[in-house]
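Everything on this sheet refers to the single structure shown next.
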Amino acid sequence: MGGPRWKGKGSKAKAVAEPMSNIVSEFCSSLTQSNAHGLLSGSSVLLAVESQQTKLITRACFGQPVITADTDKQWIQLGLEEAFYLCFNLKCINIVGANNCHRTDIELWQYMVSRKDNFPAFYKAYLHLRIKNWVVRPGSQYGVDFVAYRHHPSLVHSEYAVLVLSEDDANANGRLQVWSDLYCAVRLCGSVAKTLLVLSVNGNCHGATSPSCLDSYSVEERTVTRWILEQNREDQPMMEKGDR
């Protein structure tokens with residue numbers, strides 16, 4: 001797609017001056033110091049942050065703010081992958097369930113699998129992108145699982161529309177097994193100036209009962225683009241046989 005599309009003059013310089021890894025580290029440090037807690041709520045986690053942390057979480061690009069009348073605390077709604085990443089990998093929040101009972105890593109994992117059957121594959125894909133310092137956001141508005149940004153969405157457009165596939169999908173004749181599905185996905189990505197990135201999670205994700213299974217999974221990256229004749233031909237026409 002020709003590289004990142006920055007939003008406005010100076011956006012690239014600002015992104016270089018403030019790497020996302022530094023922003024996330026600052027955010028996690030703040031959460032750890034305040035002993036932040038998340039509350040399980042259906043297929044999401046509600047995270048209460050101090051008012052001064054609101055700017056930090058916006059810069060780090062996690063979750064969506066929930067509007068309430070409480071002026072002392074800001075509630076942030078985290079997706080399952082986001083919440084588990086902050087709790088299990090970055091260890092900057094604790095997550096509680098009913099009666100404010102703390103959930104262990106295994107209990108939390110099993111809860112999330114119960115809410116989302118393909119959570120192991122989705123989380124492995126999410127983790128794969130996050131540890132490479134991509135900003136990962138929901139992609140339902142584009143008909144994909146995630147969209148990946150090089151930096152904060154206020155500075156740059158997303159480059160990749162991400163689909164997550166697993167061995168379970170392949171065995172069940174899931175997505176992209178039919179040519180028309182692939183064609184539609186590529187056409188849609190092209191219309192919004194994104195590259196389709198397919199992350200194939202290798203390893204049997206079905207029945208994974210603890211996060212230790214993540215160590216046995218691998219991720220294969222494939223980008224799928226449309227071949228456009230006009231953009232791939234030589235400047236000069238090919239010479240016919242006998243032309244000299």
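We label chains A, B, ... in the order they appear in the structure tokens, count residues from 1 in each chain, and number ligands from 1 in the order shown.
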Next on the checklist: I'd like the contact shell of Thr58 in chain A - 12 Å cut-off, only C-alpha atoms, skipping same-chain residues fewer than 5 positions apart - returned as a ChimeraX atom specification.
Outcome noted: /A:20,23-24,27,49,51-53,63-65,74,76,135,152-154
Item to check | Polymer residues at most 12 Å from Arg103 in chain A, only C-alpha atoms, same-chain spacing of 5 or more positions, as a list in words | outcome: His37, Gly38, Leu39, Leu40, Phe84, Cys87, Phe88, Ile93, Asn94, Ile95, Val96, Gly97, Ala98, Leu108, Trp109, Gln110, Tyr111 and Met112 of chain A
Checklist entry - Of the residues A:Val224, A:Leu31, A:Leu56, A:Leu214, which is the one nearest to Leu196 in chain A, using only C-alpha atoms? => result A:Val224
Shell around Ser218 in chain A at 8 Å using only C-alpha atoms, local window under 2 positions removed, as a short mmCIF file (atom, residue, chain, number, x, y, z; two decimals) with all heavy atoms, in the first residue's frame:
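Saved result, result33.cif, follows:
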data_model
loop_
_atom_site.label_atom_id
_atom_site.label_comp_id
_atom_site.auth_asym_id
_atom_site.auth_seq_id
_atom_site.Cartn_x
_atom_site.Cartn_y
_atom_site.Cartn_z
N VAL A 201 -2.76 -19.13 13.06
CA VAL A 201 -2.25 -19.63 14.34
C VAL A 201 -2.17 -21.15 14.25
O VAL A 201 -3.18 -21.83 14.08
CB VAL A 201 -3.15 -19.19 15.50
CG1 VAL A 201 -2.61 -19.73 16.83
CG2 VAL A 201 -3.25 -17.68 15.56
N ASN A 202 -0.96 -21.65 14.33
CA ASN A 202 -0.73 -23.08 14.20
C ASN A 202 -0.66 -23.73 15.57
O ASN A 202 0.10 -23.32 16.43
CB ASN A 202 0.57 -23.34 13.44
CG ASN A 202 0.55 -22.72 12.05
OD1 ASN A 202 -0.40 -22.91 11.31
ND2 ASN A 202 1.59 -21.97 11.71
N GLY A 203 -1.45 -24.75 15.77
CA GLY A 203 -1.57 -25.42 17.06
C GLY A 203 -3.04 -25.62 17.35
O GLY A 203 -3.86 -24.77 17.00
N SER A 216 3.12 -23.15 22.82
CA SER A 216 3.20 -24.17 21.77
C SER A 216 2.62 -23.69 20.44
O SER A 216 2.70 -24.39 19.44
CB SER A 216 2.47 -25.45 22.21
OG SER A 216 1.08 -25.20 22.39
N GLU A 220 1.85 -17.67 11.58
CA GLU A 220 2.34 -17.47 10.22
C GLU A 220 1.66 -16.24 9.64
O GLU A 220 0.44 -16.13 9.66
CB GLU A 220 2.02 -18.69 9.35
CG GLU A 220 2.47 -18.55 7.90
CD GLU A 220 2.06 -19.73 7.06
OE1 GLU A 220 1.56 -20.73 7.61
OE2 GLU A 220 2.24 -19.65 5.82
#
When DSSP works through the backbone of this structure, what residues of range 3-234 of chain A end up as strand (DSSP E or B), shown as a PDB file with N, CA, C and O atoms, in the first residue's frame?
ATOM      1  N   TRP A   6       0.483   9.080   7.098  1.00  0.00           N
ATOM      2  CA  TRP A   6       0.456   9.928   8.281  1.00  0.00           C
ATOM      3  C   TRP A   6      -0.642  10.973   8.170  1.00  0.00           C
ATOM      4  O   TRP A   6      -0.982  11.416   7.082  1.00  0.00           O
ATOM      5  N   HIS A  37      -7.718  -2.209  39.159  1.00  0.00           N
ATOM      6  CA  HIS A  37      -8.508  -3.432  39.108  1.00  0.00           C
ATOM      7  C   HIS A  37      -9.512  -3.363  37.955  1.00  0.00           C
ATOM      8  O   HIS A  37     -10.087  -2.306  37.683  1.00  0.00           O
ATOM      9  N   GLY A  38      -9.679  -4.486  37.304  1.00  0.00           N
ATOM     10  CA  GLY A  38     -10.691  -4.612  36.274  1.00  0.00           C
ATOM     11  C   GLY A  38     -11.805  -5.517  36.763  1.00  0.00           C
ATOM     12  O   GLY A  38     -11.573  -6.449  37.544  1.00  0.00           O
ATOM     13  N   LEU A  39     -13.014  -5.270  36.303  1.00  0.00           N
ATOM     14  CA  LEU A  39     -14.179  -6.045  36.718  1.00  0.00           C
ATOM     15  C   LEU A  39     -14.750  -6.787  35.511  1.00  0.00           C
ATOM     16  O   LEU A  39     -15.069  -6.167  34.488  1.00  0.00           O
ATOM     17  N   LEU A  40     -14.855  -8.105  35.631  1.00  0.00           N
ATOM     18  CA  LEU A  40     -15.433  -8.895  34.552  1.00  0.00           C
ATOM     19  C   LEU A  40     -16.890  -8.488  34.340  1.00  0.00           C
ATOM     20  O   LEU A  40     -17.666  -8.395  35.292  1.00  0.00           O
ATOM     21  N   SER A  41     -17.228  -8.242  33.084  1.00  0.00           N
ATOM     22  CA  SER A  41     -18.587  -7.829  32.753  1.00  0.00           C
ATOM     23  C   SER A  41     -18.964  -8.421  31.400  1.00  0.00           C
ATOM     24  O   SER A  41     -18.723  -7.809  30.352  1.00  0.00           O
ATOM     25  N   SER A  44     -16.468  -8.463  28.232  1.00  0.00           N
ATOM     26  CA  SER A  44     -15.514  -7.359  28.336  1.00  0.00           C
ATOM     27  C   SER A  44     -15.085  -7.218  29.789  1.00  0.00           C
ATOM     28  O   SER A  44     -15.572  -7.932  30.678  1.00  0.00           O
ATOM     29  N   VAL A  45     -14.169  -6.301  30.025  1.00  0.00           N
ATOM     30  CA  VAL A  45     -13.691  -6.003  31.377  1.00  0.00           C
ATOM     31  C   VAL A  45     -13.769  -4.500  31.576  1.00  0.00           C
ATOM     32  O   VAL A  45     -13.323  -3.725  30.718  1.00  0.00           O
ATOM     33  N   LEU A  46     -14.357  -4.073  32.689  1.00  0.00           N
ATOM     34  CA  LEU A  46     -14.457  -2.653  33.017  1.00  0.00           C
ATOM     35  C   LEU A  46     -13.302  -2.289  33.939  1.00  0.00           C
ATOM     36  O   LEU A  46     -13.147  -2.859  35.016  1.00  0.00           O
ATOM     37  N   LEU A  47     -12.500  -1.348  33.482  1.00  0.00           N
ATOM     38  CA  LEU A  47     -11.324  -0.927  34.236  1.00  0.00           C
ATOM     39  C   LEU A  47     -11.549   0.479  34.781  1.00  0.00           C
ATOM     40  O   LEU A  47     -11.855   1.409  34.030  1.00  0.00           O
ATOM     41  N   ALA A  48     -11.426   0.625  36.107  1.00  0.00           N
ATOM     42  CA  ALA A  48     -11.564   1.933  36.741  1.00  0.00           C
ATOM     43  C   ALA A  48     -10.184   2.579  36.843  1.00  0.00           C
ATOM     44  O   ALA A  48      -9.262   1.992  37.409  1.00  0.00           O
ATOM     45  N   VAL A  49     -10.034   3.761  36.277  1.00  0.00           N
ATOM     46  CA  VAL A  49      -8.756   4.461  36.348  1.00  0.00           C
ATOM     47  C   VAL A  49      -8.972   5.830  36.982  1.00  0.00           C
ATOM     48  O   VAL A  49     -10.074   6.386  36.946  1.00  0.00           O
ATOM     49  N   GLU A  50      -7.928   6.354  37.587  1.00  0.00           N
ATOM     50  CA  GLU A  50      -7.994   7.682  38.163  1.00  0.00           C
ATOM     51  C   GLU A  50      -8.141   8.713  37.046  1.00  0.00           C
ATOM     52  O   GLU A  50      -7.745   8.481  35.900  1.00  0.00           O
ATOM     53  N   GLN A  64     -12.217   1.469  25.394  1.00  0.00           N
ATOM     54  CA  GLN A  64     -13.099   2.570  25.031  1.00  0.00           C
ATOM     55  C   GLN A  64     -13.661   3.190  26.309  1.00  0.00           C
ATOM     56  O   GLN A  64     -14.052   2.462  27.217  1.00  0.00           O
ATOM     57  N   PRO A  65     -13.707   4.524  26.406  1.00  0.00           N
ATOM     58  CA  PRO A  65     -14.240   5.159  27.620  1.00  0.00           C
ATOM     59  C   PRO A  65     -15.731   4.920  27.765  1.00  0.00           C
ATOM     60  O   PRO A  65     -16.467   4.863  26.775  1.00  0.00           O
ATOM     61  N   VAL A  66     -16.162   4.759  29.014  1.00  0.00           N
ATOM     62  CA  VAL A  66     -17.586   4.605  29.332  1.00  0.00           C
ATOM     63  C   VAL A  66     -18.032   5.883  30.029  1.00  0.00           C
ATOM     64  O   VAL A  66     -17.453   6.287  31.040  1.00  0.00           O
ATOM     65  N   LYS A  73     -13.476   9.002  38.966  1.00  0.00           N
ATOM     66  CA  LYS A  73     -12.923   7.867  38.247  1.00  0.00           C
ATOM     67  C   LYS A  73     -13.463   7.825  36.823  1.00  0.00           C
ATOM     68  O   LYS A  73     -14.570   8.275  36.551  1.00  0.00           O
ATOM     69  N   GLN A  74     -12.651   7.300  35.934  1.00  0.00           N
ATOM     70  CA  GLN A  74     -13.064   7.069  34.549  1.00  0.00           C
ATOM     71  C   GLN A  74     -13.115   5.566  34.317  1.00  0.00           C
ATOM     72  O   GLN A  74     -12.185   4.844  34.677  1.00  0.00           O
ATOM     73  N   TRP A  75     -14.207   5.095  33.746  1.00  0.00           N
ATOM     74  CA  TRP A  75     -14.332   3.670  33.456  1.00  0.00           C
ATOM     75  C   TRP A  75     -13.976   3.430  31.997  1.00  0.00           C
ATOM     76  O   TRP A  75     -14.429   4.154  31.108  1.00  0.00           O
ATOM     77  N   ILE A  76     -13.153   2.403  31.783  1.00  0.00           N
ATOM     78  CA  ILE A  76     -12.710   2.023  30.444  1.00  0.00           C
ATOM     79  C   ILE A  76     -13.178   0.597  30.168  1.00  0.00           C
ATOM     80  O   ILE A  76     -12.962  -0.303  30.992  1.00  0.00           O
ATOM     81  N   GLN A  77     -13.814   0.398  29.025  1.00  0.00           N
ATOM     82  CA  GLN A  77     -14.245  -0.940  28.638  1.00  0.00           C
ATOM     83  C   GLN A  77     -13.172  -1.579  27.777  1.00  0.00           C
ATOM     84  O   GLN A  77     -12.848  -1.087  26.700  1.00  0.00           O
ATOM     85  N   LEU A  78     -12.623  -2.672  28.276  1.00  0.00           N
ATOM     86  CA  LEU A  78     -11.567  -3.395  27.575  1.00  0.00           C
ATOM     87  C   LEU A  78     -12.137  -4.635  26.901  1.00  0.00           C
ATOM     88  O   LEU A  78     -12.991  -5.318  27.459  1.00  0.00           O
ATOM     89  N   ASN A  94      -5.093  -6.106  38.026  1.00  0.00           N
ATOM     90  CA  ASN A  94      -5.713  -7.315  38.545  1.00  0.00           C
ATOM     91  C   ASN A  94      -7.165  -7.331  38.072  1.00  0.00           C
ATOM     92  O   ASN A  94      -7.778  -6.275  37.886  1.00  0.00           O
ATOM     93  N   ILE A  95      -7.703  -8.504  37.882  1.00  0.00           N
ATOM     94  CA  ILE A  95      -9.082  -8.617  37.412  1.00  0.00           C
ATOM     95  C   ILE A  95      -9.878  -9.429  38.421  1.00  0.00           C
ATOM     96  O   ILE A  95      -9.433 -10.496  38.875  1.00  0.00           O
ATOM     97  N   VAL A  96     -11.055  -8.911  38.780  1.00  0.00           N
ATOM     98  CA  VAL A  96     -11.904  -9.573  39.766  1.00  0.00           C
ATOM     99  C   VAL A  96     -13.230  -9.940  39.120  1.00  0.00           C
ATOM    100  O   VAL A  96     -13.641  -9.369  38.103  1.00  0.00           O
ATOM    101  N   HIS A 102     -10.610 -12.120  43.408  1.00  0.00           N
ATOM    102  CA  HIS A 102      -9.518 -12.054  42.443  1.00  0.00           C
ATOM    103  C   HIS A 102      -9.489 -13.327  41.597  1.00  0.00           C
ATOM    104  O   HIS A 102      -9.622 -14.438  42.118  1.00  0.00           O
ATOM    105  N   VAL A 135      -0.248  -0.986  17.342  1.00  0.00           N
ATOM    106  CA  VAL A 135      -1.471  -0.664  18.068  1.00  0.00           C
ATOM    107  C   VAL A 135      -2.584  -1.487  17.430  1.00  0.00           C
ATOM    108  O   VAL A 135      -2.813  -1.401  16.224  1.00  0.00           O
ATOM    109  N   VAL A 136      -3.268  -2.282  18.251  1.00  0.00           N
ATOM    110  CA  VAL A 136      -4.271  -3.217  17.733  1.00  0.00           C
ATOM    111  C   VAL A 136      -5.650  -2.786  18.210  1.00  0.00           C
ATOM    112  O   VAL A 136      -5.887  -2.655  19.422  1.00  0.00           O
ATOM    113  N   ARG A 137      -6.544  -2.575  17.271  1.00  0.00           N
ATOM    114  CA  ARG A 137      -7.898  -2.151  17.586  1.00  0.00           C
ATOM    115  C   ARG A 137      -8.904  -3.079  16.928  1.00  0.00           C
ATOM    116  O   ARG A 137      -8.587  -3.788  15.972  1.00  0.00           O
ATOM    117  N   PRO A 138     -10.162  -3.091  17.420  1.00  0.00           N
ATOM    118  CA  PRO A 138     -11.190  -3.940  16.802  1.00  0.00           C
ATOM    119  C   PRO A 138     -11.388  -3.580  15.330  1.00  0.00           C
ATOM    120  O   PRO A 138     -11.299  -2.410  14.945  1.00  0.00           O
ATOM    121  N   PHE A 146      -9.168  -7.512  13.515  1.00  0.00           N
ATOM    122  CA  PHE A 146      -8.423  -6.388  14.085  1.00  0.00           C
ATOM    123  C   PHE A 146      -7.968  -5.461  12.962  1.00  0.00           C
ATOM    124  O   PHE A 146      -7.919  -5.857  11.790  1.00  0.00           O
ATOM    125  N   VAL A 147      -7.613  -4.240  13.345  1.00  0.00           N
ATOM    126  CA  VAL A 147      -6.842  -3.367  12.462  1.00  0.00           C
ATOM    127  C   VAL A 147      -5.575  -2.985  13.224  1.00  0.00           C
ATOM    128  O   VAL A 147      -5.590  -2.838  14.454  1.00  0.00           O
ATOM    129  N   ALA A 148      -4.477  -2.850  12.486  1.00  0.00           N
ATOM    130  CA  ALA A 148      -3.177  -2.598  13.112  1.00  0.00           C
ATOM    131  C   ALA A 148      -2.625  -1.251  12.657  1.00  0.00           C
ATOM    132  O   ALA A 148      -2.569  -0.963  11.455  1.00  0.00           O
ATOM    133  N   TYR A 149      -2.225  -0.451  13.639  1.00  0.00           N
ATOM    134  CA  TYR A 149      -1.678   0.886  13.392  1.00  0.00           C
ATOM    135  C   TYR A 149      -0.194   0.908  13.755  1.00  0.00           C
ATOM    136  O   TYR A 149       0.219   0.308  14.764  1.00  0.00           O
ATOM    137  N   VAL A 156      -1.728   8.404  12.514  1.00  0.00           N
ATOM    138  CA  VAL A 156      -1.518   7.616  11.302  1.00  0.00           C
ATOM    139  C   VAL A 156      -2.733   6.725  11.050  1.00  0.00           C
ATOM    140  O   VAL A 156      -3.406   6.292  11.993  1.00  0.00           O
ATOM    141  N   TYR A 160      -2.994  -2.294   8.282  1.00  0.00           N
ATOM    142  CA  TYR A 160      -3.391  -3.677   8.047  1.00  0.00           C
ATOM    143  C   TYR A 160      -4.785  -3.968   8.588  1.00  0.00           C
ATOM    144  O   TYR A 160      -5.143  -3.548   9.694  1.00  0.00           O
ATOM    145  N   ALA A 161      -5.543  -4.670   7.780  1.00  0.00           N
ATOM    146  CA  ALA A 161      -6.795  -5.271   8.229  1.00  0.00           C
ATOM    147  C   ALA A 161      -6.478  -6.740   8.487  1.00  0.00           C
ATOM    148  O   ALA A 161      -6.001  -7.444   7.595  1.00  0.00           O
ATOM    149  N   VAL A 162      -6.717  -7.184   9.712  1.00  0.00           N
ATOM    150  CA  VAL A 162      -6.204  -8.478  10.156  1.00  0.00           C
ATOM    151  C   VAL A 162      -7.320  -9.509  10.298  1.00  0.00           C
ATOM    152  O   VAL A 162      -8.329  -9.259  10.972  1.00  0.00           O
ATOM    153  N   LEU A 163      -7.107 -10.661   9.688  1.00  0.00           N
ATOM    154  CA  LEU A 163      -7.977 -11.820   9.878  1.00  0.00           C
ATOM    155  C   LEU A 163      -7.184 -12.897  10.602  1.00  0.00           C
ATOM    156  O   LEU A 163      -6.035 -13.167  10.254  1.00  0.00           O
ATOM    157  N   VAL A 164      -7.808 -13.495  11.603  1.00  0.00           N
ATOM    158  CA  VAL A 164      -7.162 -14.545  12.394  1.00  0.00           C
ATOM    159  C   VAL A 164      -7.746 -15.892  11.994  1.00  0.00           C
ATOM    160  O   VAL A 164      -8.963 -16.100  12.063  1.00  0.00           O
ATOM    161  N   LEU A 165      -6.877 -16.790  11.583  1.00  0.00           N
ATOM    162  CA  LEU A 165      -7.292 -18.146  11.237  1.00  0.00           C
ATOM    163  C   LEU A 165      -6.548 -19.133  12.115  1.00  0.00           C
ATOM    164  O   LEU A 165      -5.429 -18.874  12.563  1.00  0.00           O
ATOM    165  N   SER A 166      -7.165 -20.250  12.372  1.00  0.00           N
ATOM    166  CA  SER A 166      -6.524 -21.300  13.168  1.00  0.00           C
ATOM    167  C   SER A 166      -6.767 -22.645  12.506  1.00  0.00           C
ATOM    168  O   SER A 166      -7.547 -22.764  11.552  1.00  0.00           O
ATOM    169  N   THR A 195      -3.940  -3.175   3.755  1.00  0.00           N
ATOM    170  CA  THR A 195      -3.466  -4.467   3.276  1.00  0.00           C
ATOM    171  C   THR A 195      -4.074  -5.559   4.141  1.00  0.00           C
ATOM    172  O   THR A 195      -4.071  -5.445   5.375  1.00  0.00           O
ATOM    173  N   LEU A 196      -4.583  -6.592   3.508  1.00  0.00           N
ATOM    174  CA  LEU A 196      -5.137  -7.713   4.256  1.00  0.00           C
ATOM    175  C   LEU A 196      -3.994  -8.552   4.817  1.00  0.00           C
ATOM    176  O   LEU A 196      -3.144  -9.051   4.078  1.00  0.00           O
ATOM    177  N   LEU A 197      -3.966  -8.681   6.130  1.00  0.00           N
ATOM    178  CA  LEU A 197      -2.954  -9.483   6.811  1.00  0.00           C
ATOM    179  C   LEU A 197      -3.648 -10.684   7.443  1.00  0.00           C
ATOM    180  O   LEU A 197      -4.511 -10.524   8.314  1.00  0.00           O
ATOM    181  N   VAL A 198      -3.282 -11.868   7.000  1.00  0.00           N
ATOM    182  CA  VAL A 198      -3.853 -13.100   7.542  1.00  0.00           C
ATOM    183  C   VAL A 198      -2.854 -13.696   8.518  1.00  0.00           C
ATOM    184  O   VAL A 198      -1.712 -14.001   8.149  1.00  0.00           O
ATOM    185  N   LEU A 199      -3.265 -13.852   9.754  1.00  0.00           N
ATOM    186  CA  LEU A 199      -2.431 -14.478  10.779  1.00  0.00           C
ATOM    187  C   LEU A 199      -2.975 -15.875  11.035  1.00  0.00           C
ATOM    188  O   LEU A 199      -4.070 -16.032  11.583  1.00  0.00           O
ATOM    189  N   SER A 200      -2.218 -16.870  10.622  1.00  0.00           N
ATOM    190  CA  SER A 200      -2.616 -18.267  10.819  1.00  0.00           C
ATOM    191  C   SER A 200      -1.947 -18.779  12.083  1.00  0.00           C
ATOM    192  O   SER A 200      -0.716 -18.847  12.168  1.00  0.00           O
ATOM    193  N   VAL A 201      -2.759 -19.128  13.065  1.00  0.00           N
ATOM    194  CA  VAL A 201      -2.248 -19.629  14.340  1.00  0.00           C
ATOM    195  C   VAL A 201      -2.169 -21.145  14.250  1.00  0.00           C
ATOM    196  O   VAL A 201      -3.183 -21.829  14.083  1.00  0.00           O
ATOM    197  N   ASN A 202      -0.957 -21.653  14.332  1.00  0.00           N
ATOM    198  CA  ASN A 202      -0.725 -23.084  14.199  1.00  0.00           C
ATOM    199  C   ASN A 202      -0.657 -23.735  15.569  1.00  0.00           C
ATOM    200  O   ASN A 202       0.095 -23.319  16.435  1.00  0.00           O
ATOM    201  N   SER A 218       2.358 -21.185  17.114  1.00  0.00           N
ATOM    202  CA  SER A 218       3.166 -20.335  16.248  1.00  0.00           C
ATOM    203  C   SER A 218       2.232 -19.549  15.339  1.00  0.00           C
ATOM    204  O   SER A 218       1.084 -19.939  15.132  1.00  0.00           O
ATOM    205  N   VAL A 219       2.720 -18.437  14.829  1.00  0.00           N
ATOM    206  CA  VAL A 219       1.902 -17.572  13.986  1.00  0.00           C
ATOM    207  C   VAL A 219       2.585 -17.405  12.633  1.00  0.00           C
ATOM    208  O   VAL A 219       3.765 -17.033  12.559  1.00  0.00           O
ATOM    209  N   GLU A 220       1.850 -17.674  11.584  1.00  0.00           N
ATOM    210  CA  GLU A 220       2.338 -17.470  10.222  1.00  0.00           C
ATOM    211  C   GLU A 220       1.665 -16.235   9.636  1.00  0.00           C
ATOM    212  O   GLU A 220       0.438 -16.125   9.662  1.00  0.00           O
ATOM    213  N   GLU A 221       2.466 -15.304   9.138  1.00  0.00           N
ATOM    214  CA  GLU A 221       1.957 -14.065   8.569  1.00  0.00           C
ATOM    215  C   GLU A 221       1.876 -14.170   7.049  1.00  0.00           C
ATOM    216  O   GLU A 221       2.826 -14.607   6.398  1.00  0.00           O
ATOM    217  N   ARG A 222       0.755 -13.756   6.509  1.00  0.00           N
ATOM    218  CA  ARG A 222       0.602 -13.682   5.054  1.00  0.00           C
ATOM    219  C   ARG A 222      -0.147 -12.393   4.708  1.00  0.00           C
ATOM    220  O   ARG A 222      -1.208 -12.127   5.271  1.00  0.00           O
ATOM    221  N   THR A 223       0.408 -11.620   3.805  1.00  0.00           N
ATOM    222  CA  THR A 223      -0.315 -10.457   3.298  1.00  0.00           C
ATOM    223  C   THR A 223      -0.904 -10.824   1.942  1.00  0.00           C
ATOM    224  O   THR A 223      -0.256 -11.499   1.140  1.00  0.00           O
ATOM    225  N   VAL A 224      -2.134 -10.401   1.728  1.00  0.00           N
ATOM    226  CA  VAL A 224      -2.843 -10.718   0.491  1.00  0.00           C
ATOM    227  C   VAL A 224      -3.233  -9.402  -0.174  1.00  0.00           C
ATOM    228  O   VAL A 224      -3.922  -8.580   0.424  1.00  0.00           O
TER     229      VAL A 224
END
Checklist entry - In terms of the shortest atom-to-atom distance over only C-alpha atoms, which of A:Leu188, A:Cys101, A:Leu127, A:Ile106 is closest to Gly143 in chain A? => result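 Comparing A:Leu188, A:Cys101, A:Leu127, A:Ile106 against Gly143 in chain A, the winner is A:Leu188.
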Checklist entry - Which of range 16-162 of chain A counts as alpha helix (DSSP H) under DSSP, as a VMD selection string please? => result chain A and resid 16 to 17 20 to 33 54 to 60 80 to 84 105 to 115 119 to 130
Item to check | CA of Tyr85 in chain A to CA of Ala125 in chain A, distance in Å rounded to a single decimal | outcome: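 Computing the Euclidean distance for CA of Tyr85 in chain A and CA of Ala125 in chain A yields 11.5 Å.
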